[in-house]
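Source file: entry18.pdb; contents: PDB, C-alpha atoms.
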MODEL        1
ATOM      1  CA  MET A1391      -9.962  20.511  -5.395
ATOM      2  CA  LYS A1392      -7.213  18.942  -3.336
ATOM      3  CA  PHE A1393      -9.640  16.393  -1.838
ATOM      4  CA  LYS A1394     -10.763  15.230  -5.294
ATOM      5  CA  THR A1395      -7.177  14.826  -6.455
ATOM      6  CA  MET A1396      -6.235  12.806  -3.379
ATOM      7  CA  THR A1397      -9.327  10.595  -3.732
ATOM      8  CA  LEU A1398      -8.531   9.935  -7.382
ATOM      9  CA  ALA A1399      -4.929   9.045  -6.510
ATOM     10  CA  LEU A1400      -6.106   6.563  -3.869
ATOM     11  CA  ILE A1401      -8.549   4.919  -6.285
ATOM     12  CA  VAL A1402      -5.898   4.564  -8.995
ATOM     13  CA  THR A1403      -3.444   3.099  -6.476
ATOM     14  CA  GLY A1404      -6.056   0.644  -5.180
ATOM     15  CA  VAL A1405      -6.885  -0.567  -8.684
ATOM     16  CA  GLY A1406      -3.185  -1.018  -9.416
ATOM     17  CA  VAL A1407      -2.658  -3.062  -6.266
ATOM     18  CA  LEU A1408      -5.631  -5.302  -7.041
ATOM     19  CA  ALA A1409      -4.455  -5.857 -10.602
ATOM     20  CA  GLY A1410      -1.023  -6.808  -9.285
ATOM     21  CA  CYS A1411      -2.475  -9.491  -6.993
ATOM     22  CA  SER A1412      -3.515 -11.697  -9.882
ATOM     23  CA  SER A1413      -0.895 -14.347 -10.568
ATOM     24  CA  PRO A1414      -1.819 -16.807 -13.312
ATOM     25  CA  SER A1415      -0.589 -20.322 -12.606
ATOM     26  CA  MET A1416      -0.097 -23.518 -14.546
ATOM     27  CA  VAL A1417      -1.217 -26.713 -12.826
ATOM     28  CA  GLU A1418       0.410 -29.868 -14.159
ATOM     29  CA  LYS A1419      -1.457 -33.024 -13.247
ATOM     30  CA  ARG A1420       0.044 -36.482 -12.812
ATOM     31  CA  ASP A1421      -1.751 -37.688 -15.967
ATOM     32  CA  GLY A1422       0.282 -35.147 -17.991
ATOM     33  CA  SER A1423      -2.527 -32.647 -18.596
ATOM     34  CA  GLN A1424      -1.989 -28.962 -17.865
ATOM     35  CA  VAL A1425      -4.446 -26.281 -16.779
ATOM     36  CA  VAL A1426      -3.795 -22.532 -16.710
ATOM     37  CA  THR A1427      -5.639 -20.766 -13.893
ATOM     38  CA  PRO A1428      -6.232 -17.006 -13.556
ATOM     39  CA  ASP A1429      -4.986 -17.054  -9.935
ATOM     40  CA  GLU A1430      -2.877 -19.417  -7.861
ATOM     41  CA  PRO A1431      -5.052 -22.318  -6.641
ATOM     42  CA  GLN A1432      -5.752 -22.359  -2.918
ATOM     43  CA  TYR A1433      -5.296 -25.594  -0.966
ATOM     44  CA  ASN A1434      -8.184 -26.582   1.318
ATOM     45  CA  LYS A1435      -6.801 -28.728   4.160
ATOM     46  CA  ASP A1436     -10.274 -29.907   5.187
ATOM     47  CA  THR A1437     -11.126 -31.423   1.792
ATOM     48  CA  GLY A1438      -7.647 -32.235   0.444
ATOM     49  CA  PHE A1439      -8.372 -30.384  -2.816
ATOM     50  CA  TYR A1440      -6.830 -27.426  -4.624
ATOM     51  CA  GLU A1441      -9.502 -24.914  -5.593
ATOM     52  CA  TYR A1442      -9.646 -22.206  -8.262
ATOM     53  CA  GLU A1443     -12.275 -20.451 -10.367
ATOM     54  CA  LYS A1444     -12.750 -21.022 -14.081
ATOM     55  CA  ASP A1445     -15.492 -19.310 -16.093
ATOM     56  CA  GLY A1446     -17.242 -18.296 -12.871
ATOM     57  CA  HIS A1447     -17.347 -21.841 -11.449
ATOM     58  CA  LYS A1448     -15.310 -23.282  -8.583
ATOM     59  CA  VAL A1449     -13.058 -26.125  -9.750
ATOM     60  CA  GLN A1450     -11.520 -28.631  -7.349
ATOM     61  CA  VAL A1451      -8.517 -30.841  -8.099
ATOM     62  CA  ASN A1452      -7.462 -33.629  -5.751
ATOM     63  CA  LYS A1453      -4.095 -32.928  -4.131
ATOM     64  CA  ASP A1454      -2.864 -36.397  -5.143
ATOM     65  CA  ASP A1455      -3.573 -35.614  -8.832
ATOM     66  CA  VAL A1456      -1.398 -32.466  -8.852
ATOM     67  CA  LYS A1457       2.239 -32.847  -9.877
ATOM     68  CA  THR A1458       3.309 -29.166  -9.882
ATOM     69  CA  ILE A1459       1.891 -25.653  -9.658
ATOM     70  CA  GLU A1460       3.994 -22.932 -11.264
ATOM     71  CA  GLU A1461       3.412 -19.222 -11.711
ATOM     72  CA  VAL A1462       3.065 -18.214 -15.369
ATOM     73  CA  LYS A1463       5.508 -15.408 -16.161
TER      74      LYS A1463
ENDMDL
END
Transcribe the structure of this file into structure tokens.
Amino acid sequence: MKFKTMTLALIVTGVGVLAGCSSPSMVEKRDGSQVVTPDEPQYNKDTGFYEYEKDGHKVQVNKDDVKTIEEVK
């Protein structure tokens, strides 16, 4: 019984940690448009683009087109 309880506690903690990792962000582009992303976009030094996923597809935005990236609170 103790093993099951400890396993359940670890699973619940793991799910909580993963849920806490998501940090929605708002990307403001130089043209004035804004995009809300489910996670903070990652910068790819090799390509010069910020990358994030939207509706299951990878989206890339040129670094020069991005004005600011702010976490949505």
Target residues per the PyMOL selection byres ((chain A and resi 1439-1442) around 10), formatted as an NGL selection string: :A and (1417 or 1427-1438 or 1443-1444 or 1446-1456)
Please determine an axis-aligned box that encloses all atoms of stretch 1412-1417 of chain A listed in the file, with 5 Å added on each side, and express its centre and edge lengths in Å to one decimal as lines of an AutoDock Vina configuration file.
center_x = -1.8
center_y = -19.2
center_z = -12.2
size_x = 13.4
size_y = 25.0
size_z = 14.7
Counting only C-alpha atoms, which residues come within 9 Å of (1.4, -17.6, -16.1), with the point read in the file's coordinates, and could you list them as a list of chain:residue names?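 Final list of nearby residues, as requested, is A:Ser1413, A:Pro1414, A:Ser1415, A:Met1416, A:Val1426, A:Thr1427, A:Pro1428, A:Asp1429, A:Glu1460, A:Glu1461, A:Val1462, A:Lys1463.
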Expected selection from the PyMOL selection byres ((chain A and resi 1420) around 8), given as a PyMOL selection string: chain A and resi 1418-1419+1421-1423+1455-1457
How would the residues just chosen look if you wrote them out with C-alpha atoms as a PDB file, in the coordinates of the input?
ATOM      1  CA  GLU A1418       0.410 -29.868 -14.159  1.00  0.00           C
ATOM      2  CA  LYS A1419      -1.457 -33.024 -13.247  1.00  0.00           C
ATOM      3  CA  ASP A1421      -1.751 -37.688 -15.967  1.00  0.00           C
ATOM      4  CA  GLY A1422       0.282 -35.147 -17.991  1.00  0.00           C
ATOM      5  CA  SER A1423      -2.527 -32.647 -18.596  1.00  0.00           C
ATOM      6  CA  ASP A1455      -3.573 -35.614  -8.832  1.00  0.00           C
ATOM      7  CA  VAL A1456      -1.398 -32.466  -8.852  1.00  0.00           C
ATOM      8  CA  LYS A1457       2.239 -32.847  -9.877  1.00  0.00           C
TER       9      LYS A1457
END
Complete the atoms of stretch 1421-1432 of chain A to N, CA and C atoms and put them out as an mmCIF file, in the frame of the given file.
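Full text of selection03.cif as output:
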data_model
loop_
_atom_site.group_PDB
_atom_site.id
_atom_site.type_symbol
_atom_site.label_atom_id
_atom_site.label_comp_id
_atom_site.auth_asym_id
_atom_site.auth_seq_id
_atom_site.Cartn_x
_atom_site.Cartn_y
_atom_site.Cartn_z
ATOM 1 N N ASP A 1421 -1.426 -37.023 -14.702
ATOM 2 C CA ASP A 1421 -1.751 -37.688 -15.967
ATOM 3 C C ASP A 1421 -1.138 -36.972 -17.168
ATOM 4 N N GLY A 1422 -0.392 -35.882 -16.926
ATOM 5 C CA GLY A 1422 0.282 -35.147 -17.991
ATOM 6 C C GLY A 1422 -0.482 -33.948 -18.505
ATOM 7 N N SER A 1423 -1.752 -33.794 -18.135
ATOM 8 C CA SER A 1423 -2.527 -32.647 -18.596
ATOM 9 C C SER A 1423 -2.118 -31.394 -17.827
ATOM 10 N N GLN A 1424 -2.334 -30.243 -18.465
ATOM 11 C CA GLN A 1424 -1.989 -28.962 -17.865
ATOM 12 C C GLN A 1424 -3.192 -28.037 -17.922
ATOM 13 N N VAL A 1425 -3.355 -27.242 -16.862
ATOM 14 C CA VAL A 1425 -4.446 -26.281 -16.779
ATOM 15 C C VAL A 1425 -3.856 -24.938 -16.364
ATOM 16 N N VAL A 1426 -4.218 -23.880 -17.085
ATOM 17 C CA VAL A 1426 -3.795 -22.532 -16.710
ATOM 18 C C VAL A 1426 -4.934 -21.884 -15.943
ATOM 19 N N THR A 1427 -4.629 -21.387 -14.750
ATOM 20 C CA THR A 1427 -5.639 -20.766 -13.893
ATOM 21 C C THR A 1427 -5.375 -19.262 -13.811
ATOM 22 N N PRO A 1428 -6.428 -18.457 -13.637
ATOM 23 C CA PRO A 1428 -6.232 -17.006 -13.556
ATOM 24 C C PRO A 1428 -5.515 -16.570 -12.278
ATOM 25 N N ASP A 1429 -5.647 -17.333 -11.211
ATOM 26 C CA ASP A 1429 -4.986 -17.054 -9.935
ATOM 27 C C ASP A 1429 -4.375 -18.348 -9.416
ATOM 28 N N GLU A 1430 -3.475 -18.220 -8.447
ATOM 29 C CA GLU A 1430 -2.877 -19.417 -7.861
ATOM 30 C C GLU A 1430 -3.947 -20.206 -7.105
ATOM 31 N N PRO A 1431 -4.058 -21.506 -7.356
ATOM 32 C CA PRO A 1431 -5.052 -22.318 -6.641
ATOM 33 C C PRO A 1431 -4.786 -22.322 -5.144
ATOM 34 N N GLN A 1432 -5.854 -22.320 -4.375
ATOM 35 C CA GLN A 1432 -5.752 -22.359 -2.918
ATOM 36 C C GLN A 1432 -5.964 -23.789 -2.438
#
